[in-house]
file target-v5.cif (mmCIF, C-alpha atoms)
data_model
#
loop_
_atom_site.label_atom_id
_atom_site.label_comp_id
_atom_site.auth_asym_id
_atom_site.auth_seq_id
_atom_site.Cartn_x
_atom_site.Cartn_y
_atom_site.Cartn_z
CA GLN A 12 10.67 15.32 -2.14
CA GLU A 13 7.59 13.15 -2.53
CA LYS A 14 7.96 10.58 -5.26
CA VAL A 15 4.20 10.27 -5.78
CA GLN A 16 1.70 13.11 -5.45
CA GLN A 17 -2.05 12.65 -5.62
CA SER A 18 -4.80 15.20 -6.13
CA PRO A 19 -7.26 16.16 -4.93
CA GLU A 20 -6.81 15.20 -1.27
CA SER A 21 -10.51 14.67 -0.90
CA LEU A 22 -13.58 14.68 -3.07
CA ILE A 23 -17.32 14.64 -2.33
CA VAL A 24 -19.65 13.85 -5.22
CA PRO A 25 -23.29 12.87 -5.68
CA GLU A 26 -24.16 9.32 -6.68
CA GLY A 27 -23.89 8.84 -10.43
CA ALA A 28 -21.17 11.45 -10.92
CA MET A 29 -17.97 10.87 -12.90
CA VAL A 30 -14.93 10.93 -10.61
CA SER A 31 -11.41 11.83 -11.73
CA LEU A 32 -8.36 11.16 -9.57
CA ASN A 33 -4.86 12.30 -10.45
CA CYS A 34 -1.38 11.01 -9.70
CA SER A 35 1.97 12.56 -10.62
CA PHE A 36 5.27 10.79 -10.07
CA SER A 37 8.93 11.72 -10.31
CA ASP A 38 10.23 8.49 -11.78
CA SER A 39 9.27 4.87 -12.11
CA ALA A 40 10.54 1.52 -13.19
CA SER A 41 9.16 0.18 -16.43
CA GLN A 42 6.49 -1.85 -14.71
CA SER A 43 2.77 -1.49 -14.19
CA ILE A 44 1.41 1.40 -12.15
CA TRP A 45 -1.38 0.45 -9.82
CA TRP A 46 -4.41 2.00 -8.17
CA TYR A 47 -5.50 0.60 -4.82
CA GLN A 48 -8.77 1.11 -2.95
CA GLN A 49 -8.81 1.25 0.84
CA HIS A 50 -12.00 1.18 2.87
CA PRO A 51 -11.95 2.27 6.53
CA GLY A 52 -10.42 -0.35 8.81
CA LYS A 53 -9.23 -2.45 5.87
CA GLY A 54 -6.00 -3.01 4.01
CA PRO A 55 -5.56 -1.58 0.51
CA LYS A 56 -6.94 -3.73 -2.29
CA ALA A 57 -5.61 -3.72 -5.84
CA LEU A 58 -8.10 -2.13 -8.21
CA ILE A 59 -6.57 -1.70 -11.64
CA SER A 60 -3.14 -1.43 -13.23
CA ILE A 61 -1.68 -0.03 -16.44
CA PHE A 62 1.65 -0.66 -18.12
CA SER A 63 1.57 1.02 -21.52
CA ASN A 64 0.90 4.65 -22.38
CA GLY A 65 -2.71 5.23 -23.24
CA ASN A 66 -5.83 4.05 -21.51
CA LYS A 67 -7.28 0.87 -20.09
CA LYS A 68 -10.92 0.27 -19.25
CA GLU A 69 -12.37 -2.26 -16.82
CA GLY A 70 -16.07 -1.94 -16.11
CA ARG A 71 -16.75 1.50 -14.64
CA LEU A 72 -13.02 2.21 -14.25
CA THR A 73 -10.72 3.82 -16.81
CA VAL A 74 -7.07 4.56 -16.19
CA TYR A 75 -4.88 6.82 -18.34
CA LEU A 76 -1.09 6.78 -18.33
CA ASN A 77 1.39 9.21 -19.86
CA ARG A 78 4.93 8.22 -18.89
CA ALA A 79 6.46 11.20 -20.68
CA SER A 80 4.51 13.63 -18.49
CA LEU A 81 4.82 11.31 -15.45
CA HIS A 82 1.08 11.29 -14.91
CA VAL A 83 -1.60 8.68 -14.38
CA SER A 84 -5.29 9.21 -13.70
CA LEU A 85 -8.21 7.07 -12.61
CA HIS A 86 -11.76 7.78 -13.69
CA ILE A 87 -14.80 6.19 -12.11
CA LYS A 88 -17.99 6.34 -14.13
CA ASP A 89 -21.44 6.35 -12.51
CA SER A 90 -20.03 6.49 -8.97
CA GLN A 91 -21.80 4.55 -6.21
CA PRO A 92 -21.83 5.01 -2.41
CA SER A 93 -19.85 1.77 -2.19
CA ASP A 94 -17.04 3.53 -4.08
CA SER A 95 -16.50 5.73 -1.01
CA ALA A 96 -12.94 4.94 0.05
CA VAL A 97 -9.37 6.19 -0.09
CA TYR A 98 -7.69 5.65 -3.46
CA LEU A 99 -3.94 5.11 -3.50
CA CYS A 100 -1.64 5.45 -6.48
CA ALA A 101 1.32 3.02 -6.43
CA VAL A 102 4.33 3.59 -8.66
CA PRO A 103 6.99 0.89 -9.04
CA SER A 104 10.37 1.68 -7.55
CA ASN A 105 13.35 1.70 -9.87
CA THR A 106 15.66 0.37 -7.16
CA GLY A 107 15.62 -3.17 -8.50
CA TYR A 108 13.23 -4.94 -6.14
CA GLN A 109 9.48 -5.46 -6.24
CA ASN A 110 8.48 -2.37 -4.32
CA PHE A 111 6.16 0.53 -4.88
CA TYR A 112 6.03 4.14 -3.78
CA PHE A 113 2.57 5.16 -2.64
CA GLY A 114 0.87 8.52 -2.77
CA LYS A 115 -0.95 9.86 0.31
CA GLY A 116 -4.27 9.04 -1.27
CA THR A 117 -7.50 10.72 -2.32
CA SER A 118 -10.47 10.31 -0.01
CA LEU A 119 -13.65 9.87 -2.04
CA THR A 120 -17.15 10.24 -0.59
CA VAL A 121 -20.14 9.44 -2.81
CA ILE A 122 -23.37 10.82 -1.40
CA PRO A 123 -26.59 8.89 -2.17
CA GLU B 11 -8.47 -15.51 -3.14
CA ALA B 12 -5.05 -14.45 -1.90
CA ALA B 13 -4.89 -14.25 1.88
CA VAL B 14 -2.67 -12.33 4.28
CA THR B 15 -3.46 -12.56 7.98
CA GLN B 16 -2.04 -10.20 10.57
CA SER B 17 -2.07 -10.42 14.36
CA PRO B 18 -2.80 -8.85 16.70
CA ARG B 19 -5.42 -6.47 15.33
CA ASN B 20 -4.67 -3.91 18.01
CA LYS B 21 -1.76 -3.54 20.41
CA VAL B 22 -0.98 -1.07 23.17
CA THR B 23 2.44 -0.96 24.78
CA VAL B 24 4.57 1.45 26.77
CA THR B 25 7.71 3.27 25.75
CA GLY B 26 10.63 0.86 25.86
CA GLY B 27 8.45 -2.20 25.54
CA ASN B 28 8.95 -5.16 23.20
CA VAL B 29 6.42 -5.79 20.46
CA THR B 30 6.15 -8.50 17.82
CA LEU B 31 3.71 -8.17 14.94
CA SER B 32 2.91 -11.34 13.02
CA CYS B 33 1.97 -11.94 9.42
CA ARG B 34 1.10 -15.14 7.57
CA GLN B 35 0.33 -15.49 3.85
CA THR B 36 -1.20 -18.48 2.12
CA ASN B 37 -0.47 -17.19 -1.39
CA SER B 38 2.85 -18.99 -1.94
CA HIS B 39 4.32 -15.59 -2.80
CA ASN B 40 8.05 -15.05 -2.57
CA TYR B 41 7.92 -11.38 -1.55
CA MET B 42 6.56 -10.16 1.77
CA TYR B 43 6.57 -6.60 3.08
CA TRP B 44 5.97 -4.55 6.19
CA TYR B 45 4.56 -1.03 5.74
CA ARG B 46 3.46 1.63 8.15
CA GLN B 47 0.65 4.05 7.31
CA ASP B 48 0.49 7.47 8.90
CA THR B 49 -1.67 10.48 8.17
CA GLY B 50 0.33 12.91 6.08
CA HIS B 51 2.84 10.28 4.96
CA GLY B 52 0.92 7.51 3.29
CA LEU B 53 2.32 3.99 3.14
CA ARG B 54 6.03 3.66 3.81
CA LEU B 55 8.11 0.49 3.47
CA ILE B 56 9.91 -0.70 6.62
CA HIS B 57 11.39 -4.09 5.63
CA TYR B 58 10.79 -6.71 2.99
CA SER B 59 11.88 -10.24 2.18
CA TYR B 60 12.03 -12.40 -0.93
CA GLY B 61 12.14 -15.75 0.85
CA ALA B 62 12.68 -17.63 4.08
CA GLY B 63 15.77 -16.38 5.86
CA ASN B 64 16.10 -13.31 3.64
CA LEU B 65 15.67 -9.74 4.86
CA GLN B 66 16.05 -6.42 3.07
CA ILE B 67 15.76 -2.93 4.51
CA GLY B 68 13.11 -0.58 3.24
CA ASP B 69 12.79 3.18 3.34
CA VAL B 70 12.06 3.69 7.08
CA PRO B 71 13.86 0.80 8.88
CA ASP B 72 15.19 2.59 11.97
CA GLY B 73 13.92 1.05 15.21
CA TYR B 74 12.57 -2.06 13.49
CA LYS B 75 13.82 -5.58 12.98
CA ALA B 76 12.14 -8.26 10.92
CA THR B 77 12.48 -11.97 10.42
CA ARG B 78 11.13 -14.32 7.74
CA THR B 79 11.03 -17.75 9.32
CA THR B 80 9.22 -19.61 6.54
CA GLN B 81 7.75 -18.88 3.12
CA GLU B 82 4.48 -18.09 4.92
CA ASP B 83 5.55 -16.18 8.05
CA PHE B 84 7.04 -12.70 8.40
CA PHE B 85 7.48 -10.94 11.73
CA LEU B 86 8.14 -7.31 12.63
CA LEU B 87 9.96 -6.66 15.91
CA LEU B 88 10.10 -3.45 17.90
CA GLU B 89 12.60 -4.07 20.71
CA LEU B 90 12.47 -0.65 22.36
CA ALA B 91 9.18 0.85 21.26
CA SER B 92 8.88 4.63 21.09
CA PRO B 93 5.80 6.88 20.73
CA SER B 94 6.96 7.76 17.19
CA GLN B 95 6.22 4.15 16.25
CA THR B 96 2.52 4.58 17.00
CA SER B 97 1.02 3.75 13.62
CA LEU B 98 -1.08 1.42 11.51
CA TYR B 99 1.07 -1.44 10.25
CA PHE B 100 0.33 -3.46 7.15
CA CYS B 101 1.86 -6.67 5.93
CA ALA B 102 1.65 -7.57 2.25
CA SER B 103 2.71 -10.37 -0.04
CA SER B 104 3.41 -10.05 -3.74
CA GLN B 105 4.16 -11.86 -6.93
CA GLY B 106 3.54 -8.69 -8.95
CA THR B 107 0.36 -7.44 -7.26
CA LEU B 108 0.46 -6.49 -3.59
CA TYR B 109 -2.03 -8.30 -1.33
CA PHE B 110 -2.44 -6.60 2.03
CA GLY B 111 -3.56 -7.84 5.41
CA SER B 112 -6.14 -5.96 7.48
CA GLY B 113 -3.51 -4.16 9.54
CA THR B 114 -2.35 -3.89 13.14
CA ARG B 115 -2.96 -0.65 15.00
CA LEU B 116 -0.08 -0.11 17.42
CA THR B 117 -0.15 2.50 20.16
CA VAL B 118 3.01 3.26 22.14
CA LEU B 119 2.26 5.24 25.29
#

call {"tool": "encode", "arguments": {"input": "target-v5.cif", "output": "structure tokens"}}
result
Amino acid sequence: QEKVQQSPESLIVPEGAMVSLNCSFSDSASQSIWWYQQHPGKGPKALISIFSNGNKKEGRLTVYLNRASLHVSLHIKDSQPSDSAVYLCAVPSNTGYQNFYFGKGTSLTVIP
Amino acid sequence: EAAVTQSPRNKVTVTGGNVTLSCRQTNSHNYMYWYRQDTGHGLRLIHYSYGAGNLQIGDVPDGYKATRTTQEDFFLLLELASPSQTSLYFCASSQGTLYFGSGTRLTVL
């Protein structure tokens, strides 16, 4: 059973659109949940994290967390072609070491 | 800016061959990790370490060894490579946030 599930698998939007990415998880340690961005041929890069239930905003990014429903979402406002990438949800493992379970990712394409 | 450098960038070997993937971090982080990334599976943890001389097994360790020689250097060893180990390998370091290298694409023929 997958510990982290992301939806949709892929998304194509016009420039300027609002983008919503979803992540459901089966369990997690009480640590921050992260979103990573991965461009082609590159390693994932940390984008934004959230620890407490509720929302957190950084620039064009807003992340929402509901631990009770085991769900986190990432919203990108005014999307740009440079936002085109794979977005990975990373949920902390509850096995006692600093590890994360990753979802398979959502591939985002922003068309100019 | 945190830095993790992997080498080689690409590697082709034959079934049964020996392969060593190298990783160096200049972040002074205690934790280092080796992941593999495959279509349909996402990122999966192979081995990790929380300091020089320490090694812990991850979620998909079979067929892999690893060694942490210093705080900076972490190596992944495939002693009898198999086609199922064809993958994109990432090294990362962490002190809370994961910092990834650019990856090594390994092909086992």

call {"tool": "residues_around", "arguments": {"input": "target-v5.cif", "residues": "Pro123 of chain A", "least_positions_apart": "5", "cutoff": "7 Å", "atoms": "all atoms listed in the file", "output": "ChimeraX atom specification"}}
result
/A:25-26,92

call {"tool": "closest_atom_pairs", "arguments": {"input": "target-v5.cif", "of": "chain B", "to": "chain A", "cutoff": "10 Å", "atoms": "all atoms listed in the file", "output": "JSON lines"}}
result
{"residue": "B:Val14", "atom": "CA", "partner": "A:Gly54", "partner_atom": "CA", "distance": 9.9}
{"residue": "B:Tyr41", "atom": "CA", "partner": "A:Gln109", "partner_atom": "CA", "distance": 7.7}
{"residue": "B:Met42", "atom": "CA", "partner": "A:Gln109", "partner_atom": "CA", "distance": 9.7}
{"residue": "B:Tyr43", "atom": "CA", "partner": "A:Asn110", "partner_atom": "CA", "distance": 8.7}
{"residue": "B:Gln47", "atom": "CA", "partner": "A:Lys115", "partner_atom": "CA", "distance": 9.2}
{"residue": "B:Asp48", "atom": "CA", "partner": "A:Lys115", "partner_atom": "CA", "distance": 9.0}
{"residue": "B:Thr49", "atom": "CA", "partner": "A:Lys115", "partner_atom": "CA", "distance": 7.9}
{"residue": "B:Gly50", "atom": "CA", "partner": "A:Lys115", "partner_atom": "CA", "distance": 6.7}
{"residue": "B:His51", "atom": "CA", "partner": "A:Lys115", "partner_atom": "CA", "distance": 6.0}
{"residue": "B:Gly52", "atom": "CA", "partner": "A:Lys115", "partner_atom": "CA", "distance": 4.2}
{"residue": "B:Leu53", "atom": "CA", "partner": "A:Phe113", "partner_atom": "CA", "distance": 5.9}
{"residue": "B:Arg54", "atom": "CA", "partner": "A:Phe113", "partner_atom": "CA", "distance": 7.5}
{"residue": "B:Leu55", "atom": "CA", "partner": "A:Asn110", "partner_atom": "CA", "distance": 8.3}
{"residue": "B:Tyr58", "atom": "CA", "partner": "A:Asn110", "partner_atom": "CA", "distance": 8.8}
{"residue": "B:Ser59", "atom": "CA", "partner": "A:Tyr108", "partner_atom": "CA", "distance": 10.0}
{"residue": "B:Tyr60", "atom": "CA", "partner": "A:Gln109", "partner_atom": "CA", "distance": 9.1}
{"residue": "B:Gln66", "atom": "CA", "partner": "A:Tyr108", "partner_atom": "CA", "distance": 9.7}
{"residue": "B:Gly68", "atom": "CA", "partner": "A:Asn110", "partner_atom": "CA", "distance": 9.0}
{"residue": "B:Asp69", "atom": "CA", "partner": "A:Tyr112", "partner_atom": "CA", "distance": 9.9}
{"residue": "B:Leu98", "atom": "CA", "partner": "A:Gly52", "partner_atom": "CA", "distance": 9.9}
{"residue": "B:Tyr99", "atom": "CA", "partner": "A:Gly54", "partner_atom": "CA", "distance": 9.6}
{"residue": "B:Phe100", "atom": "CA", "partner": "A:Gly54", "partner_atom": "CA", "distance": 7.1}
{"residue": "B:Cys101", "atom": "CA", "partner": "A:Gly54", "partner_atom": "CA", "distance": 8.9}
{"residue": "B:Ala102", "atom": "CA", "partner": "A:Gly54", "partner_atom": "CA", "distance": 9.1}
{"residue": "B:Ser104", "atom": "CA", "partner": "A:Gln109", "partner_atom": "CA", "distance": 8.0}
{"residue": "B:Gln105", "atom": "CA", "partner": "A:Gln109", "partner_atom": "CA", "distance": 8.4}
{"residue": "B:Gly106", "atom": "CA", "partner": "A:Gln109", "partner_atom": "CA", "distance": 7.3}
{"residue": "B:Thr107", "atom": "CA", "partner": "A:Ala57", "partner_atom": "CA", "distance": 7.2}
{"residue": "B:Leu108", "atom": "CA", "partner": "A:Ala57", "partner_atom": "CA", "distance": 7.0}
{"residue": "B:Tyr109", "atom": "CA", "partner": "A:Lys56", "partner_atom": "CA", "distance": 6.8}
{"residue": "B:Phe110", "atom": "CA", "partner": "A:Gly54", "partner_atom": "CA", "distance": 5.4}
{"residue": "B:Gly111", "atom": "CA", "partner": "A:Gly54", "partner_atom": "CA", "distance": 5.6}
{"residue": "B:Ser112", "atom": "CA", "partner": "A:Gly54", "partner_atom": "CA", "distance": 4.6}
{"residue": "B:Gly113", "atom": "CA", "partner": "A:Gly54", "partner_atom": "CA", "distance": 6.2}
{"residue": "B:Thr114", "atom": "CA", "partner": "A:Gly52", "partner_atom": "CA", "distance": 9.8}
{"residue": "B:Arg115", "atom": "CA", "partner": "A:Gly52", "partner_atom": "CA", "distance": 9.7}

call {"tool": "resolve_selection", "arguments": {"input": "target-v5.cif", "expression": "the PyMOL selection byres ((chain B and resi 87) around 12)", "output": "ChimeraX atom specification"}}
result
/B:27-33,44,56-57,71-78,84-86,88-91,95,99

call {"tool": "resolve_selection", "arguments": {"input": "target-v5.cif", "expression": "the PyMOL selection byres ((chain B and resi 94) around 10)", "output": "ChimeraX atom specification"}}
result
/B:25,73,91-93,95-97,117-119

call {"tool": "residues_around", "arguments": {"input": "target-v5.cif", "residues": "Leu119 of chain A", "least_positions_apart": "4", "cutoff": "9 Å", "atoms": "all atoms listed in the file", "output": "JSON, numbers by chain"}}
result
{"A": [20, 21, 22, 23, 24, 30, 94, 95, 96, 97, 98]}

call {"tool": "resolve_selection", "arguments": {"input": "target-v5.cif", "expression": "the PyMOL selection byres ((chain A and resi 70) around 12)", "output": "PyMOL selection string"}}
result
chain A and resi 58-59+67-69+71-74+86-90

call {"tool": "atom_distance", "arguments": {"input": "target-v5.cif", "atom1": "atom CA of Val70 of chain B", "atom2": "atom CA of Arg46 of chain B"}}
result
8.9 Å

call {"tool": "atom_distance", "arguments": {"input": "target-v5.cif", "atom1": "atom CA of His50 of chain A", "atom2": "atom CA of Val121 of chain A"}}
result
12.9 Å
